[in-house]
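Contents: one structure, followed by commentary.
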Amino acid sequence: MKRYEYTILPEYSPLYPSLPYRYKDYQKVSVYCRGDRKGLQQFLPKEFELTSDIFEVFVLQNNEIEGLDLYSEGGVVIPCSYKGINGACVAFEYVDQDDALCAGREIWGYPKKLAEVTFDVNEGNITGSITRRGKKIIDINFEKDSKEVKQPVLSPRLQVKRMPHPEFKGTDLNTIIKNELQDTEIKRKVFGNATLNIEESAEDPLSELGVKEVIGAVYIEGAFTLTYGEIVENLK
């Protein structure tokens, strides 16, 4: 039996391979919304400070990945800062495969959950949705338009990687991580407008983001590499 040099479990049959992961072909629709500052701040880790009331809601379909099983995802990205580092935090994230779920949570601290993801392109109209436990928590309908939208600062990603302690109530691991996509390539970019519907859910309270208006949307086809991040600080 082949042995693996991994620090993840089980070492004899790992759920996901070692980094990097190369996303060779993806399609993504992003909706940029103006939200309530208080509503946005509540979904950031307590260590982070909100830097803008414009945030992103997205749905992404992967067509070719080197490293992970093919999966799709969606979520919410909120601009923030930590001790002078400006970036954005993925506050909600949903995927439809378990290896992507565990790799994201265990390596970088992304708050991934399993959900159903749909993505459909029909000429200038694009729809994407995230459904979890019977609730359609993200529902996007995109239409091509000539109006460009100014996108907020959404990179690098700033995440808090927390793990519960096995002996008592508290954290065993509590780390601020900075992560940036590498070798990014935009093959196609189309601006447009979009409608965004969020169904109320107690377990996934995206409806509390306080969306005031949709200021624009963009559809992208591209590629990138996902690799190791940087530990900014180990918290107590």
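Ligands are numbered from 1 in the order shown, residues from 1 within each chain, and chains are lettered A, B, ... in the order they appear in the structure tokens.
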query: stretch 8-84 of chain A: which residues are strand (DSSP E) by DSSP, as an MDAnalysis selection string?
result: chainID A and resid 21:35 49:50 54:66 72:82
Per residue of stretch 93-179 of chain A within 10 Å of stretch 14-25 of chain A, note the shortest atom pair and the distance in Å to one decimal, counting only C-alpha atoms, and order the rows by chain and increasing residue number, as CSV.
residue,atom,partner,partner_atom,distance
A:Asp98,CA,A:Leu15,CA,8.1
A:Asp99,CA,A:Tyr16,CA,5.4
A:Ala100,CA,A:Tyr16,CA,7.7
A:Leu101,CA,A:Tyr16,CA,9.7
A:Cys102,CA,A:Tyr16,CA,7.9
A:Ala103,CA,A:Tyr16,CA,6.5
A:Ile107,CA,A:Leu19,CA,9.7
Write the residues of the preceding selection, restricted to all heavy atoms, as a short mmCIF file (atom, residue, chain, number, x, y, z; two decimals), in the first residue's frame.
data_model
loop_
_atom_site.label_atom_id
_atom_site.label_comp_id
_atom_site.auth_asym_id
_atom_site.auth_seq_id
_atom_site.Cartn_x
_atom_site.Cartn_y
_atom_site.Cartn_z
N ASP A 98 -17.26 17.22 -0.58
CA ASP A 98 -16.66 17.17 0.75
C ASP A 98 -15.17 17.46 0.78
O ASP A 98 -14.65 18.00 1.76
CB ASP A 98 -16.96 15.83 1.45
CG ASP A 98 -16.42 14.62 0.70
OD1 ASP A 98 -15.89 14.78 -0.41
OD2 ASP A 98 -16.54 13.50 1.25
N ASP A 99 -14.42 17.12 -0.29
CA ASP A 99 -12.99 17.42 -0.27
C ASP A 99 -12.74 18.92 -0.31
O ASP A 99 -11.86 19.44 0.39
CB ASP A 99 -12.24 16.69 -1.38
CG ASP A 99 -12.72 17.01 -2.78
OD1 ASP A 99 -13.86 17.50 -2.93
OD2 ASP A 99 -11.96 16.77 -3.74
N ALA A 100 -13.52 19.65 -1.10
CA ALA A 100 -13.41 21.11 -1.13
C ALA A 100 -13.83 21.71 0.20
O ALA A 100 -13.23 22.68 0.67
CB ALA A 100 -14.28 21.67 -2.25
N LEU A 101 -14.85 21.13 0.82
CA LEU A 101 -15.30 21.59 2.13
C LEU A 101 -14.18 21.48 3.16
O LEU A 101 -13.84 22.47 3.83
CB LEU A 101 -16.50 20.76 2.58
CG LEU A 101 -16.93 20.92 4.04
CD1 LEU A 101 -17.76 22.16 4.21
CD2 LEU A 101 -17.69 19.71 4.54
N CYS A 102 -13.61 20.30 3.30
CA CYS A 102 -12.62 20.06 4.36
C CYS A 102 -11.30 20.76 4.09
O CYS A 102 -10.67 21.28 5.01
CB CYS A 102 -12.42 18.57 4.56
SG CYS A 102 -13.84 17.76 5.31
N ALA A 103 -10.85 20.77 2.84
CA ALA A 103 -9.61 21.47 2.52
C ALA A 103 -9.74 22.96 2.86
O ALA A 103 -8.83 23.54 3.47
CB ALA A 103 -9.27 21.30 1.04
N ILE A 107 -7.32 24.00 6.00
CA ILE A 107 -6.08 24.68 5.60
C ILE A 107 -6.14 26.17 5.90
O ILE A 107 -5.23 26.73 6.53
CB ILE A 107 -5.78 24.43 4.11
CG1 ILE A 107 -5.62 22.94 3.83
CG2 ILE A 107 -4.50 25.18 3.71
CD1 ILE A 107 -5.48 22.60 2.35
#
Could you make a table, as a tab-separated table, of the residues of stretch 83-131 of chain A that have an atom within 7 Å of an atom of stretch 148-158 of chain A, each with its nearest atom pair and distance in Å to one decimal, counting only C-alpha atoms, in chain and number order?
residue	atom	partner	partner_atom	distance
A:Gly87	CA	A:Ser155	CA	4.7
A:Ala88	CA	A:Leu154	CA	4.7
A:Cys89	CA	A:Leu158	CA	5.0
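Residue nearest A:Lys212, chosen from A:Leu173, A:Leu44, A:Leu114, A:Ile54 and counting only C-alpha atoms: A:Ile54.
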message: If I take atom CA of A:Glu11 and atom CA of A:Phe224, how far is one from the other in Å, to one decimal?
response: 27.6 Å
Can you tell me, as an mmCIF file with N, CA and C atoms, in the first residue's frame, what residues are no more than 9 Å from A:Lys189 when counting only C-alpha atoms, ignoring any on the same chain fewer than 3 positions away?
data_model
loop_
_atom_site.group_PDB
_atom_site.id
_atom_site.type_symbol
_atom_site.label_atom_id
_atom_site.label_comp_id
_atom_site.auth_asym_id
_atom_site.auth_seq_id
_atom_site.Cartn_x
_atom_site.Cartn_y
_atom_site.Cartn_z
ATOM 1 N N ILE A 186 -7.973 36.319 -16.315
ATOM 2 C CA ILE A 186 -9.342 36.652 -16.714
ATOM 3 C C ILE A 186 -9.466 36.423 -18.213
ATOM 4 N N VAL A 218 -21.113 41.358 -12.324
ATOM 5 C CA VAL A 218 -20.122 41.017 -13.339
ATOM 6 C C VAL A 218 -20.068 39.499 -13.497
ATOM 7 N N TYR A 219 -19.864 39.062 -14.733
ATOM 8 C CA TYR A 219 -19.678 37.648 -15.059
ATOM 9 C C TYR A 219 -18.244 37.473 -15.538
ATOM 10 N N ILE A 220 -17.548 36.472 -14.994
ATOM 11 C CA ILE A 220 -16.143 36.254 -15.317
ATOM 12 C C ILE A 220 -15.905 34.788 -15.680
ATOM 13 N N GLU A 221 -15.059 34.589 -16.684
ATOM 14 C CA GLU A 221 -14.504 33.282 -16.993
ATOM 15 C C GLU A 221 -12.998 33.399 -16.802
ATOM 16 N N GLY A 222 -12.406 32.486 -16.034
ATOM 17 C CA GLY A 222 -10.987 32.647 -15.759
ATOM 18 C C GLY A 222 -10.328 31.427 -15.175
#
task: Choose the residue, out of A:Asn179, A:Gln42, A:Thr51, A:Thr131, that has the smallest atom-to-atom separation from A:Gly84; count only C-alpha atoms.
output: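 With only C-alpha atoms as the atom set, the closest residue is A:Thr51.
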Would you list, as an mmCIF file with N, CA, C and O atoms, in the first residue's frame, the residues of stretch 53-224 of chain A that end up in alpha helix (DSSP H) under DSSP run on this structure's backbone?
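Writing done, so here's part-v3.cif:
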data_model
loop_
_atom_site.group_PDB
_atom_site.id
_atom_site.type_symbol
_atom_site.label_atom_id
_atom_site.label_comp_id
_atom_site.auth_asym_id
_atom_site.auth_seq_id
_atom_site.Cartn_x
_atom_site.Cartn_y
_atom_site.Cartn_z
ATOM 1 N N ASP A 98 -17.258 17.216 -0.578
ATOM 2 C CA ASP A 98 -16.663 17.169 0.752
ATOM 3 C C ASP A 98 -15.167 17.455 0.782
ATOM 4 O O ASP A 98 -14.653 17.995 1.764
ATOM 5 N N ASP A 99 -14.422 17.118 -0.291
ATOM 6 C CA ASP A 99 -12.988 17.419 -0.266
ATOM 7 C C ASP A 99 -12.736 18.919 -0.310
ATOM 8 O O ASP A 99 -11.857 19.440 0.392
ATOM 9 N N ALA A 100 -13.525 19.645 -1.103
ATOM 10 C CA ALA A 100 -13.414 21.108 -1.133
ATOM 11 C C ALA A 100 -13.827 21.709 0.204
ATOM 12 O O ALA A 100 -13.229 22.684 0.674
ATOM 13 N N LEU A 101 -14.846 21.132 0.819
ATOM 14 C CA LEU A 101 -15.304 21.590 2.132
ATOM 15 C C LEU A 101 -14.182 21.480 3.161
ATOM 16 O O LEU A 101 -13.836 22.467 3.833
ATOM 17 N N CYS A 102 -13.607 20.297 3.302
ATOM 18 C CA CYS A 102 -12.622 20.063 4.361
ATOM 19 C C CYS A 102 -11.298 20.760 4.087
ATOM 20 O O CYS A 102 -10.674 21.284 5.015
ATOM 21 N N ALA A 103 -10.852 20.770 2.840
ATOM 22 C CA ALA A 103 -9.610 21.475 2.515
ATOM 23 C C ALA A 103 -9.738 22.956 2.858
ATOM 24 O O ALA A 103 -8.834 23.544 3.470
#
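Going from atom CA of A:Leu50 to atom CA of A:Pro79 covers 6.2 Å.
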Among listed residues A:Asp120, A:Glu233, A:Asp96, A:Glu199, nearest A:Asn174 (using only C-alpha atoms): A:Glu233
Contacts of A:Lys112 within 7 Å, only C-alpha atoms, excl. fewer than 2 positions in-chain, as a PyMOL selection string: chain A and resi 93-95+101+104-105+110+114
message: Taking only C-alpha atoms into account, name the residue in A:Leu40, A:Gln97, A:Gly170, A:Ala115 that is nearest to A:Leu70.
response: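 The answer is A:Gln97, which sits nearest to A:Leu70.
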